[in-house]
Structure formats: structure tokens, C-alpha cells
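Here's protein-v1.txt, which has compact mmCIF, C-alpha atoms and all ligand atoms:
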```
# COMPACT_ATOMS: atom_id res chain seq x y z
CA MET A 1 17.72 2.71 34.06
CA SER A 2 17.81 0.28 31.13
CA LYS A 3 14.59 -1.16 29.80
CA THR A 4 13.47 -4.20 27.85
CA LEU A 5 10.73 -3.55 25.29
CA LEU A 6 8.56 -6.14 23.62
CA VAL A 7 7.84 -4.70 20.16
CA THR A 8 5.03 -6.50 18.32
CA GLY A 9 4.92 -6.20 14.52
CA ALA A 10 8.67 -5.54 14.65
CA ALA A 11 9.26 -6.80 11.10
CA GLY A 12 6.66 -4.48 9.53
CA PHE A 13 7.19 -0.99 8.15
CA ILE A 14 6.91 1.13 11.31
CA GLY A 15 8.10 -1.66 13.62
CA VAL A 16 11.46 -1.92 11.83
CA ASN A 17 11.96 1.85 11.86
CA PHE A 18 11.03 1.95 15.53
CA CYS A 19 13.50 -0.81 16.51
CA ASN A 20 16.32 0.98 14.65
CA TYR A 21 15.35 4.31 16.21
CA TRP A 22 15.16 2.92 19.76
CA LEU A 23 18.39 0.89 19.62
CA GLY A 24 20.19 3.99 18.30
CA ARG A 25 18.75 6.34 20.89
CA TYR A 26 18.90 4.24 24.06
CA ALA A 27 22.36 2.70 24.29
CA THR A 28 21.59 0.07 26.94
CA ASP A 29 17.95 -0.86 26.28
CA ARG A 30 17.00 -4.29 24.91
CA ILE A 31 14.29 -5.08 22.37
CA ILE A 32 12.47 -8.35 21.84
CA GLY A 33 11.16 -7.97 18.29
CA PHE A 34 8.03 -10.13 17.91
CA ASP A 35 6.36 -10.83 14.58
CA ILE A 36 4.40 -13.55 12.79
CA LEU A 37 6.17 -12.66 9.50
CA SER A 38 2.98 -12.29 7.48
CA TYR A 39 3.25 -11.06 3.87
CA ALA A 40 3.93 -7.59 5.35
CA GLY A 41 6.59 -8.69 7.81
CA ASN A 42 10.06 -9.13 6.48
CA ARG A 43 12.95 -10.45 8.57
CA HIS A 44 15.37 -9.07 5.98
CA SER A 45 14.27 -5.57 7.07
CA LEU A 46 15.60 -6.24 10.58
CA GLU A 47 19.18 -6.76 9.35
CA GLN A 48 20.42 -3.56 11.02
CA ALA A 49 18.66 -4.31 14.32
CA GLU A 50 19.92 -7.91 14.31
CA LEU A 51 23.53 -6.72 14.18
CA ASN A 52 22.93 -5.42 17.69
CA ASP A 53 23.25 -7.88 20.58
CA ARG A 54 20.57 -5.91 22.45
CA PHE A 55 18.03 -7.09 19.86
CA GLU A 56 16.43 -10.51 19.75
CA PHE A 57 13.84 -11.69 17.24
CA VAL A 58 11.03 -14.03 18.24
CA ALA A 59 8.67 -15.39 15.58
CA GLY A 60 5.13 -15.82 16.84
CA ASP A 61 1.49 -14.81 16.83
CA ILE A 62 0.11 -12.18 19.20
CA LEU A 63 -2.89 -14.50 19.56
CA ASP A 64 -0.60 -16.94 21.39
CA GLN A 65 -1.22 -15.62 24.89
CA THR A 66 0.89 -18.32 26.56
CA LEU A 67 3.95 -17.43 24.47
CA ILE A 68 3.49 -13.71 25.21
CA GLU A 69 3.17 -14.41 28.95
CA THR A 70 6.35 -16.51 28.86
CA LEU A 71 8.23 -13.69 27.13
CA LEU A 72 6.97 -11.09 29.59
CA ARG A 73 8.17 -13.24 32.51
CA ASP A 74 11.39 -14.78 31.17
CA GLN A 75 12.66 -11.72 29.33
CA LYS A 76 11.63 -9.39 32.16
CA VAL A 77 9.83 -7.12 29.74
CA ASP A 78 9.23 -3.59 31.06
CA ASP A 79 6.94 -2.21 28.35
CA ILE A 80 5.05 -3.44 25.28
CA VAL A 81 4.94 -1.31 22.13
CA HIS A 82 2.18 -2.83 20.04
CA PHE A 83 2.36 -2.34 16.27
CA ALA A 84 1.27 -5.80 15.06
CA ALA A 85 -1.81 -5.53 12.87
CA GLU A 86 -3.32 -6.06 9.49
CA SER A 87 -2.80 -2.55 8.15
CA HIS A 88 -3.99 -2.22 4.55
CA VAL A 89 -7.45 -0.70 4.01
CA ASP A 90 -7.95 -2.29 0.55
CA ARG A 91 -7.27 -5.77 1.94
CA SER A 92 -9.76 -5.12 4.75
CA ILE A 93 -12.42 -4.39 2.13
CA THR A 94 -11.87 -7.63 0.22
CA ALA A 95 -11.15 -9.89 3.24
CA PRO A 96 -12.17 -8.37 6.58
CA ASP A 97 -12.08 -11.49 8.82
CA LEU A 98 -8.33 -11.49 9.46
CA PHE A 99 -8.54 -7.83 10.50
CA LEU A 100 -10.97 -8.70 13.27
CA GLU A 101 -8.87 -11.66 14.36
CA THR A 102 -5.51 -9.89 14.41
CA ASN A 103 -6.43 -6.35 15.32
CA ILE A 104 -9.18 -7.02 17.86
CA MET A 105 -8.59 -10.54 19.21
CA GLY A 106 -4.80 -10.19 18.87
CA THR A 107 -4.75 -6.95 20.84
CA HIS A 108 -7.01 -8.52 23.44
CA SER A 109 -4.70 -11.52 23.75
CA LEU A 110 -1.78 -9.15 24.48
CA LEU A 111 -3.85 -7.25 27.03
CA LYS A 112 -4.79 -10.49 28.79
CA ALA A 113 -1.13 -11.54 28.91
CA ALA A 114 -0.07 -8.15 30.28
CA ARG A 115 -2.79 -8.24 32.91
CA GLN A 116 -1.87 -11.78 33.99
CA VAL A 117 1.89 -11.20 34.31
CA TRP A 118 2.12 -7.51 35.20
CA LEU A 119 -0.95 -7.09 37.41
CA THR A 120 -1.74 -10.54 38.84
CA GLU A 121 1.74 -12.08 39.21
CA GLN A 122 4.11 -9.12 39.57
CA ALA A 123 1.89 -6.22 40.68
CA ASP A 124 4.82 -3.82 40.87
CA GLY A 125 3.06 -1.08 38.88
CA ARG A 126 6.00 -0.22 36.66
CA HIS A 127 4.92 -1.54 33.25
CA ARG A 128 3.33 0.24 30.32
CA PHE A 129 1.35 -1.06 27.34
CA HIS A 130 1.61 1.36 24.42
CA HIS A 131 -0.92 0.80 21.65
CA VAL A 132 -0.22 2.18 18.17
CA SER A 133 -3.43 3.24 16.46
CA THR A 134 -4.55 5.37 13.57
CA ASP A 135 -6.31 8.64 12.74
CA GLU A 136 -8.72 6.59 10.59
CA VAL A 137 -10.77 5.71 13.70
CA TYR A 138 -12.18 9.25 13.62
CA GLY A 139 -13.74 8.77 10.17
CA THR A 140 -13.59 11.40 7.48
CA LEU A 141 -13.50 15.22 7.32
CA ALA A 142 -15.10 17.77 5.01
CA PRO A 143 -12.70 20.37 3.52
CA GLN A 144 -13.35 23.06 6.16
CA ASP A 145 -13.70 20.80 9.21
CA PRO A 146 -11.21 21.23 12.05
CA ALA A 147 -8.55 18.53 12.30
CA PHE A 148 -9.15 15.41 14.43
CA CYS A 149 -8.35 15.92 18.10
CA GLU A 150 -8.36 13.33 20.89
CA THR A 151 -11.98 14.12 21.81
CA THR A 152 -13.33 13.74 18.25
CA ALA A 153 -16.01 11.02 18.22
CA TYR A 154 -14.97 7.68 16.74
CA GLN A 155 -16.65 7.03 13.36
CA PRO A 156 -14.56 4.37 11.61
CA ASN A 157 -15.62 3.73 8.02
CA SER A 158 -13.65 0.72 6.79
CA PRO A 159 -13.32 -2.77 8.27
CA TYR A 160 -9.68 -1.86 8.98
CA SER A 161 -10.47 1.33 10.90
CA ALA A 162 -13.40 -0.34 12.68
CA SER A 163 -11.09 -3.11 13.87
CA LYS A 164 -8.51 -0.55 15.07
CA ALA A 165 -11.26 1.41 16.84
CA ALA A 166 -12.40 -1.75 18.63
CA SER A 167 -8.83 -2.46 19.73
CA ASP A 168 -8.47 1.12 21.04
CA HIS A 169 -11.60 0.60 23.13
CA MET A 170 -10.27 -2.65 24.61
CA VAL A 171 -7.00 -0.93 25.56
CA ARG A 172 -8.96 1.84 27.25
CA ALA A 173 -11.20 -0.69 29.03
CA TYR A 174 -8.18 -2.58 30.45
CA HIS A 175 -6.97 0.66 31.99
CA HIS A 176 -10.35 1.70 33.32
CA THR A 177 -11.41 -1.72 34.64
CA TYR A 178 -8.16 -3.42 35.69
CA GLY A 179 -5.80 -0.47 36.15
CA LEU A 180 -3.35 -1.58 33.44
CA ASP A 181 -0.98 1.31 32.60
CA VAL A 182 -1.76 2.03 28.95
CA THR A 183 -1.17 4.80 26.43
CA THR A 184 -2.47 5.03 22.86
CA SER A 185 -1.23 7.10 19.94
CA ASN A 186 -3.37 7.78 16.86
CA CYS A 187 -1.18 8.78 13.97
CA SER A 188 -1.59 9.84 10.37
CA ASN A 189 -0.16 8.31 7.16
CA ASN A 190 3.48 7.37 7.66
CA TYR A 191 6.01 7.22 4.83
CA GLY A 192 9.71 6.38 4.66
CA PRO A 193 12.08 3.39 4.32
CA PHE A 194 10.78 -0.22 4.46
CA HIS A 195 7.20 0.79 3.52
CA PHE A 196 5.50 -2.22 1.94
CA PRO A 197 4.88 -1.56 -1.76
CA GLU A 198 1.10 -1.99 -1.63
CA LYS A 199 0.75 1.50 -0.06
CA LEU A 200 0.49 4.64 -2.22
CA ILE A 201 4.01 6.12 -2.00
CA PRO A 202 6.18 2.99 -2.36
CA LEU A 203 3.75 1.56 -4.94
CA CYS A 204 4.11 4.69 -7.08
CA ILE A 205 7.92 4.85 -6.70
CA ILE A 206 8.32 1.25 -7.83
CA ASN A 207 5.75 1.52 -10.61
CA ILE A 208 7.52 4.58 -12.01
CA LEU A 209 10.86 2.73 -11.99
CA ASN A 210 9.22 -0.24 -13.76
CA GLY A 211 7.25 1.94 -16.20
CA LYS A 212 3.87 0.74 -14.87
CA ALA A 213 0.61 2.68 -14.37
CA LEU A 214 0.16 4.84 -11.26
CA PRO A 215 -3.40 4.00 -10.16
CA ILE A 216 -5.22 7.03 -8.72
CA TYR A 217 -8.46 6.09 -7.00
CA GLY A 218 -11.51 8.21 -7.92
CA ASP A 219 -10.73 11.87 -8.55
CA GLY A 220 -7.44 11.82 -6.59
CA GLN A 221 -8.60 14.69 -4.39
CA GLN A 222 -8.62 12.66 -1.15
CA ILE A 223 -6.41 14.28 1.44
CA ARG A 224 -4.01 12.58 3.85
CA ASP A 225 -1.65 14.08 6.46
CA TRP A 226 1.80 12.63 5.65
CA LEU A 227 4.16 11.91 8.54
CA TYR A 228 7.79 10.89 8.10
CA VAL A 229 8.18 7.58 9.96
CA GLU A 230 11.08 8.80 12.14
CA ASP A 231 8.91 11.64 13.45
CA HIS A 232 6.30 9.04 14.35
CA CYS A 233 8.91 6.95 16.22
CA ARG A 234 9.94 10.05 18.19
CA GLY A 235 6.31 10.77 18.97
CA ILE A 236 5.80 7.23 20.32
CA ASP A 237 8.98 7.62 22.39
CA LEU A 238 7.58 10.81 23.97
CA VAL A 239 4.23 9.17 24.75
CA LEU A 240 5.80 5.97 26.10
CA THR A 241 8.27 7.87 28.23
CA ASN A 242 6.26 10.86 29.44
CA GLY A 243 2.62 10.35 28.43
CA ARG A 244 -0.03 10.12 31.13
CA ALA A 245 -1.46 6.66 31.85
CA GLY A 246 -4.83 6.04 30.20
CA GLU A 247 -4.42 8.96 27.76
CA THR A 248 -4.47 9.03 23.97
CA TYR A 249 -2.26 11.33 21.88
CA ASN A 250 -2.59 12.28 18.22
CA ILE A 251 0.62 12.25 16.20
CA GLY A 252 0.60 13.88 12.77
CA GLY A 253 2.85 15.55 10.23
CA ASN A 254 1.06 18.93 9.83
CA ASN A 255 1.27 18.07 6.16
CA GLU A 256 -2.01 17.67 4.30
CA LYS A 257 -1.75 16.72 0.64
CA ALA A 258 -4.27 15.59 -1.97
CA ASN A 259 -3.25 12.23 -3.45
CA ILE A 260 -2.92 13.54 -6.99
CA ASP A 261 -0.74 16.46 -5.84
CA LEU A 262 1.50 14.10 -3.90
CA VAL A 263 1.88 11.77 -6.90
CA ASN A 264 2.69 14.74 -9.16
CA VAL A 265 5.41 15.93 -6.74
CA LEU A 266 6.82 12.42 -6.65
CA CYS A 267 6.84 12.20 -10.47
CA LYS A 268 8.79 15.47 -10.74
CA LEU A 269 11.25 14.32 -8.11
CA VAL A 270 11.94 11.06 -9.96
CA ASP A 271 12.40 12.94 -13.26
CA GLU A 272 14.88 15.31 -11.60
CA LYS A 273 16.88 12.42 -10.12
CA PHE A 274 17.06 10.71 -13.53
CA ASN A 275 18.15 13.93 -15.23
CA ASN A 276 20.90 14.47 -12.65
CA ASN A 277 22.09 10.87 -12.66
CA PRO A 278 22.28 9.15 -16.10
CA GLU A 279 23.19 5.81 -14.46
CA LEU A 280 19.56 5.54 -13.31
CA LYS A 281 18.45 5.38 -16.96
CA GLN A 282 20.53 2.24 -17.39
CA ARG A 283 19.35 0.67 -14.15
CA PHE A 284 15.68 1.36 -14.87
CA PRO A 285 15.28 1.31 -18.67
CA ASP A 286 11.47 1.03 -18.49
CA ALA A 287 11.04 4.24 -16.48
CA PRO A 288 9.52 7.11 -18.52
CA ALA A 289 12.50 9.34 -17.65
CA ALA A 290 14.77 6.82 -19.39
CA ASN A 291 12.67 7.18 -22.56
CA GLN A 292 12.34 10.95 -23.02
CA LYS A 293 9.00 10.96 -21.21
CA THR A 294 7.88 12.32 -17.88
CA SER A 295 6.77 10.08 -15.01
CA ASP A 296 3.36 11.73 -14.79
CA SER A 297 2.53 10.11 -18.16
CA LEU A 298 1.88 6.95 -16.08
CA ILE A 299 -0.92 8.52 -14.01
CA THR A 300 -4.11 6.51 -14.54
CA TYR A 301 -7.43 7.24 -12.86
CA VAL A 302 -9.12 4.03 -11.70
CA SER A 303 -12.34 3.12 -9.81
CA ASP A 304 -12.57 4.59 -6.35
CA ARG A 305 -12.00 2.60 -3.15
CA PRO A 306 -15.45 1.69 -1.70
CA GLY A 307 -16.28 3.98 1.24
CA HIS A 308 -13.11 5.98 0.57
CA ASP A 309 -12.51 8.55 3.34
CA ARG A 310 -12.18 12.00 1.79
CA ARG A 311 -9.88 13.79 4.20
CA TYR A 312 -7.79 13.13 7.31
CA ALA A 313 -6.08 15.88 9.30
CA VAL A 314 -4.54 15.57 12.73
CA ASP A 315 -4.39 18.18 15.46
CA VAL A 316 -1.18 17.53 17.44
CA SER A 317 -1.61 20.31 19.99
CA LYS A 318 -2.10 17.93 22.94
CA ALA A 319 1.12 16.00 22.20
CA HIS A 320 2.86 19.32 21.58
CA SER A 321 1.79 21.05 24.78
CA GLU A 322 2.15 18.02 27.09
CA LEU A 323 5.13 16.26 25.54
CA GLY A 324 6.87 18.80 23.28
CA TYR A 325 6.07 16.77 20.15
CA GLU A 326 6.33 18.34 16.73
CA PRO A 327 7.15 16.81 13.36
CA LYS A 328 10.66 17.78 12.24
CA GLU A 329 10.93 16.49 8.66
CA THR A 330 9.72 18.64 5.78
CA PHE A 331 7.69 16.82 3.16
CA GLU A 332 10.11 17.71 0.33
CA LYS A 333 13.13 16.38 2.20
CA GLY A 334 11.27 13.38 3.63
CA LEU A 335 10.01 12.36 0.20
CA SER A 336 13.44 12.81 -1.36
CA LYS A 337 15.05 10.67 1.39
CA THR A 338 12.37 8.03 0.85
CA LEU A 339 12.92 7.98 -2.91
CA ASN A 340 16.70 7.72 -2.40
CA TRP A 341 16.15 4.80 -0.03
CA TYR A 342 14.12 2.90 -2.65
CA LEU A 343 16.74 3.68 -5.32
CA ASP A 344 19.52 2.43 -3.00
CA ASN A 345 17.59 -0.65 -1.85
CA GLU A 346 16.34 -2.18 -5.07
CA ASN A 347 17.19 -5.61 -3.74
CA TRP A 348 14.86 -5.11 -0.75
CA TRP A 349 11.78 -4.25 -2.79
CA ARG A 350 12.46 -6.79 -5.50
CA THR A 351 12.75 -9.60 -2.95
CA VAL A 352 9.71 -8.34 -1.01
CA LEU A 353 7.71 -8.28 -4.21
CA ASP A 354 8.66 -11.75 -5.40
CA GLY A 355 8.52 -13.28 -1.93
CA SER A 356 12.03 -14.72 -2.25
CA TYR A 357 13.04 -13.10 1.02
CA ARG A 358 11.61 -16.26 2.58
CA GLU A 359 14.45 -18.19 0.92
CA TRP A 360 16.83 -15.58 2.30
CA ILE A 361 15.44 -16.18 5.81
CA ASP A 362 15.94 -19.92 5.48
CA GLU A 363 19.51 -19.36 4.31
CA GLN A 364 20.29 -17.03 7.20
CA TYR A 365 18.46 -18.66 10.06
CA GLY A 366 17.35 -22.13 8.93
CA SER A 367 13.71 -22.87 8.16
P1 LIG A 401 2.66 -3.36 8.41
O1 LIG A 401 1.51 -4.04 7.76
O2 LIG A 401 3.80 -2.90 7.58
O3 LIG A 401 3.27 -4.32 9.55
C1 LIG A 401 2.45 -5.06 10.42
C2 LIG A 401 3.33 -6.14 11.04
O4 LIG A 401 2.52 -6.90 11.96
C3 LIG A 401 3.87 -7.15 10.01
O5 LIG A 401 5.26 -7.31 10.21
C4 LIG A 401 3.11 -8.44 10.32
O6 LIG A 401 3.87 -9.61 10.03
C5 LIG A 401 2.84 -8.27 11.80
N1 LIG A 401 1.70 -9.09 12.25
C6 LIG A 401 0.50 -9.21 11.64
N2 LIG A 401 -0.26 -10.10 12.31
C7 LIG A 401 0.46 -10.51 13.38
C8 LIG A 401 0.22 -11.43 14.43
N3 LIG A 401 -0.95 -12.09 14.52
N4 LIG A 401 1.18 -11.65 15.35
C9 LIG A 401 2.38 -10.99 15.25
N5 LIG A 401 2.67 -10.13 14.26
C10 LIG A 401 1.72 -9.89 13.33
O7 LIG A 401 2.03 -2.18 9.25
P2 LIG A 401 2.66 -0.76 9.61
O8 LIG A 401 2.36 0.18 8.52
O9 LIG A 401 4.04 -0.94 10.10
O10 LIG A 401 1.71 -0.36 10.85
C11 LIG A 401 2.06 -0.70 12.18
C12 LIG A 401 0.95 -0.26 13.11
O11 LIG A 401 0.74 1.15 12.97
C13 LIG A 401 -0.41 -0.90 12.82
O12 LIG A 401 -1.03 -1.17 14.04
C14 LIG A 401 -1.18 0.16 12.05
O13 LIG A 401 -2.56 0.05 12.26
C15 LIG A 401 -0.62 1.43 12.69
N6 LIG A 401 -0.63 2.62 11.81
C16 LIG A 401 0.04 2.60 10.62
C17 LIG A 401 0.07 3.77 9.84
C18 LIG A 401 0.80 3.83 8.52
O14 LIG A 401 0.71 4.86 7.85
N7 LIG A 401 1.52 2.81 8.12
C19 LIG A 401 -0.60 4.91 10.27
C20 LIG A 401 -1.34 4.85 11.47
C21 LIG A 401 -1.30 3.70 12.25
O1 LIG A 402 -4.19 7.32 8.10
C1 LIG A 402 -3.42 6.30 8.63
C2 LIG A 402 -3.53 5.06 7.74
O2 LIG A 402 -2.76 5.32 6.58
C3 LIG A 402 -3.05 3.79 8.45
O3 LIG A 402 -3.86 3.52 9.56
C4 LIG A 402 -3.08 2.61 7.47
O4 LIG A 402 -2.52 1.46 8.10
C5 LIG A 402 -2.23 2.97 6.26
O5 LIG A 402 -2.28 1.92 5.31
C6 LIG A 402 -2.72 4.27 5.64
O6 LIG A 402 -4.04 4.08 5.06
P1 LIG A 402 -4.44 4.76 3.67
O7 LIG A 402 -5.57 4.00 3.10
O8 LIG A 402 -4.59 6.22 3.80
O9 LIG A 402 -3.06 4.48 2.84
P2 LIG A 402 -2.81 4.01 1.34
O10 LIG A 402 -1.36 4.18 1.08
O11 LIG A 402 -3.43 2.68 1.06
O12 LIG A 402 -3.60 5.09 0.50
C7 LIG A 402 -3.30 6.47 0.61
C8 LIG A 402 -4.29 7.22 -0.24
O13 LIG A 402 -4.02 6.93 -1.63
C9 LIG A 402 -5.74 6.81 -0.03
O14 LIG A 402 -6.57 7.94 -0.19
C10 LIG A 402 -6.00 5.80 -1.15
C11 LIG A 402 -5.13 6.31 -2.27
N1 LIG A 402 -4.57 5.28 -3.18
C12 LIG A 402 -3.95 4.22 -2.64
C13 LIG A 402 -3.39 3.25 -3.43
C14 LIG A 402 -2.70 2.04 -2.83
C15 LIG A 402 -4.65 5.46 -4.55
O15 LIG A 402 -5.22 6.45 -5.04
N2 LIG A 402 -4.09 4.50 -5.35
C16 LIG A 402 -3.49 3.39 -4.85
O16 LIG A 402 -3.01 2.53 -5.63
```
Starting from the coordinates I provided, produce the structure as C-alpha cells.
Ligand code: NAD
Ligand code: DAU
Amino acid sequence: MSKTLLVTGAAGFIGVNFCNYWLGRYATDRIIGFDILSYAGNRHSLEQAELNDRFEFVAGDILDQTLIETLLRDQKVDDIVHFAAESHVDRSITAPDLFLETNIMGTHSLLKAARQVWLTEQADGRHRFHHVSTDEVYGTLAPQDPAFCETTAYQPNSPYSASKAASDHMVRAYHHTYGLDVTTSNCSNNYGPFHFPEKLIPLCIINILNGKALPIYGDGQQIRDWLYVEDHCRGIDLVLTNGRAGETYNIGGNNEKANIDLVNVLCKLVDEKFNNNPELKQRFPDAPAANQKTSDSLITYVSDRPGHDRRYAVDVSKAHSELGYEPKETFEKGLSKTLNWYLDNENWWRTVLDGSYREWIDEQYGS
């Protein structure tokens, strides 16, 4: 049977990838893509989804409970997939308030709307609220510690992860107290197309192409588990479709890398692409590889992030045994596909960086 999903944060990095994934996989499902279009949300990124008449974009704030309730009723929404959030740890350190407002109060506003329409008015028991969370809620690991599993105690260390942890607890409470059908996934560091260039991988790709420094925080030995975004979308699909109500599932890439090692691999990959394709030297004349240098010459150690978590690692055995989840993309291929995407979509990152995509939106859709 066909479904209608309300996808919050649809114009952000994972939201865009998820809309494209879902519309491609489920030929008759509809998506209402909902987003406030903050600095991280880009309507331009939804171009592919918007070609599809099963996709509709609605601009709005998840804190607007009345608007969400109207959408749930009028659009006959079956399930919510909730991505909308403030997502960047560094921003949460310099300006935490918005993280509490969006991630905690915003999630609560959605839960209230779902309770009102799905439990009080409709009470047909066929709706699901899927909450997208992060492995950062579990805190940090020492080198020999076992990976985070779903029963690991929450120990969030940044204002960002603390706000996500609080939202996870509210989702759980709405299941336990009111019987709302909820699932939560806690995933590791995603990478892939449409990743906003404040995050490590896209920032480094673009800085290499522009011949700018690659800032490595602290000693660069912090470890993250890198997950190709399409694997994450498939993981969410499995949880939404077959996960047990009230449960949480970890989704990871089985791919731990120290930051400095990752950046070195990326540098080599860029150098190889430039050597194999001389046209790139003309397109990006400031890149080291266009000037008989190697990209790693741009690596610059800078002050560490305050409270920087040392290591994340995610144990996916619950999602594997219950849902058949496993990451499919290898890191080498995933990184190469990501780099190719940024090389092929220079216009996207240039407009995102200079903010002129807002003019593009006005041209396309009126202000
Ligand atoms: P992102 O910052 O790229 O996108 C977030 C989107 O939410 C943006 O489009 C923004 O405009 C929108 N948004 C913000 N406030 C809103 C509001 N009040 N109302 C409506 N929309 C609003 O983030 P992302 O990387 O795509 O992450 C999506 C979700 O996945 C987040 O909840 C994040 O915590 C979680 N997550 C991300 C990663 C990762 O590696 N990127 C890993 C684990 C979990
Ligand atoms: O683990 C999941 C989380 O991954 C998500 O919940 C967050 O939304 C997402 O932003 C991401 O958080 P990180 O802080 O791990 O991602 P970021 O890309 O900001 O940084 C990755 C690592 O690289 C981290 O150890 C900090 C480091 N770093 C980052 C930047 C931007 C640098 O050394 N230099 C940099 O310039």
C-alpha cells in the first residue's frame, strides 16, 4: 500500500539524500518535504525530488505545531521521518541556544502534533514517528573500548549531543507514556553528496580545490565511523518499515578512521584525479596538484575543539540481526564517489557558500 511521509529537514544533507532514495525505491509513495531553509537547508538540493509529482515542498518551522497538525490531517500523512535539527558541533559550542530550541523544543512540538492528530483525533494505530539521532549521545570511547551499542549509557559531551540526547528521551517518553509508535536510529558520521561544506570531508575537498588550508583540530587522532549516506538511508528504511515500536537501532559504517588518516587519503585521491585529468588543473588553478605540489601540503594543525570526543564506534549487530542491515559501500569507493560529486557540482557548493542560492530560489519559486 502506498504511503505519505512527512520528512522534516528535507532540504538538509541527509534529508535530500533520503527523499531521493525513497522516491526512487517506492514508486507510488508521496513525500511532503518540510524545512525551514536555515543556512544548512538548500532548496536547490531538492531539484531532483521536485521533478517528481509525488514530492511536495513545504517551507516551515517544526516549532509551528499548528502547521504540522494541519499537514498531518490534510495530507493524510502516514509516517514522520524527523531529520530537522541544528547539526554542527562547532556551532553548538559557540551558540548553543538554537540547538535547544530546534532539537529539543522542535522535536517536542512534532511529538505533540503527532499525538494530537494520530492518537487523539484518528486513533487508528497505523502511524509511525521515526526520529533520526546520532552516536554522539553515547559520549566518547577510549581506544580499546567496545563500540557503542543500544544499551550503552548516554553521556553526551557537547551542547549538540546533549540536545539530541534530550530529544531522544522525549521520543521514548511519548511511546512509553502515550503509546505513540516511535522508532529511533542513532547513526555515525555520514558523508556523500550535498554535505554542507562546514563538515570535515566537504570542507577539505573544497579547500583543496581552492588551495586553502586543511584545518586539523588538535593532534588529528580523533576517530569517527564513516557511513556513506545511502547506506544510512537504507538503514532508516529498514527501521521505519520493520523496526519494533519503541526500539532504538544503531546504524554505522563499520569504518573507523582517524581524522588525519582520512584527510591524507582524500589528499591522495584528489592528486590522482588531477594527474589523470589535466582539465581539472585549468578548472582549479589554485589547487596544489595544479602547481606541482601535493594536496597534503595544505594540512595545518589548529587548536582543538573544546571537549572534543576522542573516538566513536558503532556496533550494528542489533540492526543486522533484526533487520538485515549492513553497510554496503566501501570507504574507498564512497569517498571517490563523493569527490566526483563535488567535482561535478561546483555550482552547488559555490552557490551554497556565497548564499546566492537564495536568489535562485526567488527566481524559481518567487520570494
Ligand atoms: P543538516 O544541518 O545538513 O540539515 C538539517 C536541516 O534541518 C536543514 O535543512 C535545516 O534547514 C533544517 N531545519 C533546521 N531547523 C529547522 C526547523 N526549526 N524547522 C524545520 N527545519 C529545520 O543536517 P544533516 O547532516 O542532514 O542531519 C540530519 C539529521 O541527522 C539531524 O537530526 C542530525 O542530528 C542527524 N545526524 C546527522 C549525522 C551526520 O553525519 N550528518 C550523523 C548522525 C545523525
Ligand atoms: O557522529 C555523528 C555526528 O557526526 C553527527 O551527529 C553530527 O551532526 C555531524 O556533524 C558529525 O559530527 P562531527 O563533529 O563528528 O563532524 P565534523 O565533520 O564536524 O568533524 C569530524 C571530525 O573532524 C571531528 O573529530 C572534528 C574534526 N574536524 C572537523 C572540522 C570541521 C577537524 O579536525 N577540522 C575541521 O575543520
Taking all atoms of segment 209-212 of chain A that the file lists, what box with edges along x, y and z, padded by 3 Å per side, do you get, with centre and edge lengths in Å to one decimal, as AutoDock Vina command-line options?
```
--center_x 7.4 --center_y 1.2 --center_z -14.1 --size_x 13.0 --size_y 9.0 --size_z 10.2
```
Residue with smallest distance to ligand LIG 402 (chain A) - pool A:Lys293, A:Arg30, A:Lys281, A:His195, counting only C-alpha atoms and all ligand atoms: A:His195
At a cut-off of 6 Å, can you tabulate as CSV every residue of chain A near ligand LIG 401 (chain A) together with its closest atom pair and the distance in Å to one decimal, using all atoms listed in the file and ordering rows by chain then number?
```
residue,atom,partner,partner_atom,distance
A:Thr8,CA,A:LIG401,N5,5.9
A:Gly9,CA,A:LIG401,O4,3.6
A:Ala10,CA,A:LIG401,O5,5.9
A:Ala11,CA,A:LIG401,O5,4.1
A:Gly12,CA,A:LIG401,O5,3.2
A:Phe13,CA,A:LIG401,O9,3.7
A:Ile14,CA,A:LIG401,O9,3.7
A:Gly15,CA,A:LIG401,O9,5.4
A:Asp35,CA,A:LIG401,N5,3.8
A:Ile36,CA,A:LIG401,C9,4.1
A:Leu37,CA,A:LIG401,O6,3.9
A:Ser38,CA,A:LIG401,O6,3.8
A:Ala40,CA,A:LIG401,C3,4.7
A:Gly41,CA,A:LIG401,O5,3.1
A:Gly60,CA,A:LIG401,C9,5.8
A:Asp61,CA,A:LIG401,N4,3.5
A:Ile62,CA,A:LIG401,N4,4.0
A:Leu63,CA,A:LIG401,N3,5.9
A:Phe83,CA,A:LIG401,C12,4.0
A:Ala84,CA,A:LIG401,O4,3.5
A:Ala85,CA,A:LIG401,C6,4.5
A:Glu86,CA,A:LIG401,C6,5.4
A:Ser87,CA,A:LIG401,O1,4.6
A:Thr102,CA,A:LIG401,N3,5.1
A:Val132,CA,A:LIG401,O12,5.4
A:Ser133,CA,A:LIG401,C21,4.7
A:Thr134,CA,A:LIG401,C20,3.9
A:Cys187,CA,A:LIG401,C20,4.7
A:Ser188,CA,A:LIG401,C19,5.0
A:Asn189,CA,A:LIG401,O14,3.6
A:Asn190,CA,A:LIG401,O14,3.7
A:Phe196,CA,A:LIG401,O2,5.9
```
Surroundings of ligand LIG 402 (chain A) up to 7 Å, based on all atoms listed in the file, as a PyMOL selection string: chain A and resi 87-90+133-136+187-190+198-201+203+214-217+220+222-224+259+308-309+312
Residues within 9 Å of segment 265-267 of chain A, only C-alpha atoms, excluding chain neighbours under 6 positions, as a ChimeraX atom specification: /A:201,204-205,208,294-296,332,335-336,339
Residue among A:Lys333, A:Lys76, A:Lys318, A:Arg310 lying closest to Gln122 of chain A, counting all atoms listed in the file: A:Lys76
Selection near Gln155 of chain A, 10 Å with all atoms listed in the file, sequence-local residues under 4 positions removed, as a PyMOL selection string: chain A and resi 136-140+161-162+165
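Remark: for Val239 of chain A, the closest of the candidate residues A:Val16, A:Cys149, A:Ile68, A:Leu323 is A:Leu323 (distances computed over all atoms listed in the file).
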